[in-house]
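For reference, the structure is listed below as structure tokens.
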Amino acid sequence: MAFFGRIREDVASVLERDPAARSKLEVLTCYPGLWAVWFHRVSYVLWRAKLRLLARFLSQAGRFVTGVDIHPAAIIGRRLFIDHATGVVIGETAVVGNDVTLYQGVTLGGTGKGHGKRHPTLCDGVFVGNNANILGNITVGANSRVGAGSVVLNDVPPNSTVVGVPAHIVYRNGERVLITDPHDIKDPLSDALIALAARVDGLEQRLGAPEPCAEPFATEEADRTAYREELERQSHFVSMGEGI
Ligand SMILES: CC(C)(COP(=O)(O)OP(=O)(O)OC[C@H]1O[C@@H](n2cnc3c(N)ncnc32)[C@H](O)[C@@H]1OP(=O)(O)O)[C@@H](O)C(=O)NCCC(=O)NCCS
């Protein structure tokens with residue numbers, strides 16, 4: 001598809017995805033995240049043509065104008081939407097699929113160890129919240145969502161939501177995922193939590209405490225559900241950041 005056809009497609013996809021976007025003219029003139037993608041398309045062609053310095057120079061000019069730093073060798077799919085733009089970094093060996101949305105401050109970076117493919121791959125339809133860091137040669141599966149501020153260090157399966165530092169799965173295929181076994185927590189404090197859980201088990205056994213309930217965290221989950229239902233009931237009073 002010709003360069004301008006792609007631009008039309010990009011503009012249409014922003015109008016579809018951002019409730020704050022009101023007209024094509026507004027999207028063309030007020031969305032630096034789109035300009036960054038267009039800068040990248042040209043610098044990528046230059047890079048492939050082995051005009052490496054020129055490609056890097058153009059990508060830096062793009063960064064100066066938009067606040068988005070995309071290495072010219074990064075492979076970017078169609079309809080990438082970088083909302084609010086500022087502070088996004090996409091590394092040299094990153095691969096971004098079609099219909100991906102990134103918010104401000106997202107880094108698709110390396111871990112600082114090793115060469116070769118060292119940046120992440122984002123499959124089609126991935127959504128990454130603001131200031132999330134996805135680090136290393138890992139894959140975020142299609143249609144998965146990464147919570148704002150998360151640090152993702154491992155592969156994410158498709159259709160999942162991950163949050164936290166380091167990130168863990170909270171939804172998979174629409175089902176809530178609760179961590180009930182401390183061995184599933186991948187965190188520098190995991191060993192301490194595992195040791196603590198073992199000690200609690202030991203103490204419970206010594207005290208002859210009853211078996212843990214069949215559905216761990218059932219009470220907490222019920223509280224959350226009640227809270228969400230209450231929010232839903234109040235939703236006509238409050239709008240939680242739509243179109244920010
Ligand atoms: C990740 C996200 C998409 C999940 O939304 P959701 O599907 O509605 O998920 P929920 O709100 O049900 O959250 C599920 C759990 O993850 C937690 N969680 C959600 N987002 C989180 C985040 N960014 N960091 C840490 N925990 C988070 C919630 O507290 C909840 O835990 P709980 O049930 O134990 O209380 C959303 O929270 C998010 O981060 N969106 C990014 C928005 C953004 O970047 N906006 C920029 C506007 S400028």
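Quick note on naming: the chains in the structure tokens go A, B, ... in the order shown, residues restart at 1 in each chain, and ligands are numbered from 1 in order of appearance.
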**Spatial neighbours of Leu153 of chain A, 12 Å, only C-alpha atoms, chain gap at least 3 places, as number ranges by chain** = A: 108-111, 118-120, 132-140, 146, 150, 156, 162-168, 186-187
**Message:** Let me see if you get this right: every residue at most 8 Å from ligand 1, counting only C-alpha atoms and all ligand atoms, written as a count of residues only.
**Reply:** 28
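If you count only C-alpha atoms and ignore residues fewer than 3 places along the chain from Gln60 of chain A, what sits within 12 Å of it is Ala36, Phe39, His40, Ser43, Leu53, Leu54, Ala55, Arg56, Phe57, Arg63, Phe64, Val65, Thr66, Gly67, Val68, Asp69, Ile70, His71, Pro72 and Val89 of chain A.
Among the candidate residues A:Ala2, A:Leu102, A:Val151, A:Ala61, the one lying nearest to Arg17 of chain A is A:Leu102, with distances computed using only C-alpha atoms.
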**Message:** Taking 3 positions as the minimum chain separation for residues in the same chain, which residues sit within 12 Å of Leu80 of chain A when counting only C-alpha atoms? Answer as a ChimeraX atom specification.
**Reply:** /A:6-7,9-14,17,33-38,40-41,75-77,83,85,95-103,122-128
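From atom CA of Trp47 of chain A back to atom CA of Ala74 of chain A, the distance works out to 9.8 Å.
Nearest to Ser59 of chain A of all the residues A:Ala197, A:Val106, A:Leu46, A:Cys30 is A:Leu46, based on only C-alpha atoms.
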**Item:** Point-to-point distance from atom CA of Thr93 of chain A to atom CA of Ala73 of chain A, Å rounded to tenths
**Value:** 6.8 Å
**Request:** Report the distance between atom CA of Glu204 of chain A and atom CA of Ala222 of chain A in Å, rounded to one decimal place.
**Result:** 24.9 Å
Check the DSSP output for the backbone and give back, as a PDB file with N, CA and C atoms, in the first residue's frame, the residues of segment 128-159 of chain A in strand (DSSP E or B).
```
ATOM      1  N   VAL A 128      -0.193  -1.763  25.727  1.00  0.00           N
ATOM      2  CA  VAL A 128       0.791  -1.580  26.807  1.00  0.00           C
ATOM      3  C   VAL A 128       0.521  -0.253  27.513  1.00  0.00           C
ATOM      4  N   ASN A 133       7.620  -1.354  31.202  1.00  0.00           N
ATOM      5  CA  ASN A 133       8.888  -1.752  30.595  1.00  0.00           C
ATOM      6  C   ASN A 133       8.813  -3.220  30.217  1.00  0.00           C
ATOM      7  N   ILE A 134       9.075  -3.503  28.949  1.00  0.00           N
ATOM      8  CA  ILE A 134       9.094  -4.902  28.500  1.00  0.00           C
ATOM      9  C   ILE A 134      10.520  -5.161  28.055  1.00  0.00           C
ATOM     10  N   LEU A 135      11.186  -6.049  28.772  1.00  0.00           N
ATOM     11  CA  LEU A 135      12.647  -6.128  28.624  1.00  0.00           C
ATOM     12  C   LEU A 135      13.114  -7.513  28.204  1.00  0.00           C
ATOM     13  N   THR A 139       8.275 -12.606  24.309  1.00  0.00           N
ATOM     14  CA  THR A 139       7.134 -12.392  23.410  1.00  0.00           C
ATOM     15  C   THR A 139       5.890 -12.099  24.228  1.00  0.00           C
ATOM     16  N   VAL A 140       5.191 -11.053  23.835  1.00  0.00           N
ATOM     17  CA  VAL A 140       3.877 -10.778  24.434  1.00  0.00           C
ATOM     18  C   VAL A 140       2.843 -11.247  23.420  1.00  0.00           C
ATOM     19  N   ARG A 145      -2.600  -7.619  27.385  1.00  0.00           N
ATOM     20  CA  ARG A 145      -2.513  -6.260  27.904  1.00  0.00           C
ATOM     21  C   ARG A 145      -1.489  -6.207  29.031  1.00  0.00           C
ATOM     22  N   VAL A 146      -0.685  -5.144  28.997  1.00  0.00           N
ATOM     23  CA  VAL A 146       0.337  -4.966  30.027  1.00  0.00           C
ATOM     24  C   VAL A 146      -0.059  -3.735  30.835  1.00  0.00           C
ATOM     25  N   VAL A 151       6.725  -4.186  34.872  1.00  0.00           N
ATOM     26  CA  VAL A 151       8.015  -4.568  34.300  1.00  0.00           C
ATOM     27  C   VAL A 151       7.899  -6.035  33.880  1.00  0.00           C
ATOM     28  N   VAL A 152       7.896  -6.270  32.572  1.00  0.00           N
ATOM     29  CA  VAL A 152       7.663  -7.618  32.052  1.00  0.00           C
ATOM     30  C   VAL A 152       9.008  -8.233  31.676  1.00  0.00           C
ATOM     31  N   VAL A 156       4.575 -13.549  27.742  1.00  0.00           N
ATOM     32  CA  VAL A 156       3.179 -13.412  28.174  1.00  0.00           C
ATOM     33  C   VAL A 156       2.332 -14.201  27.178  1.00  0.00           C
TER      34      VAL A 156
END
```
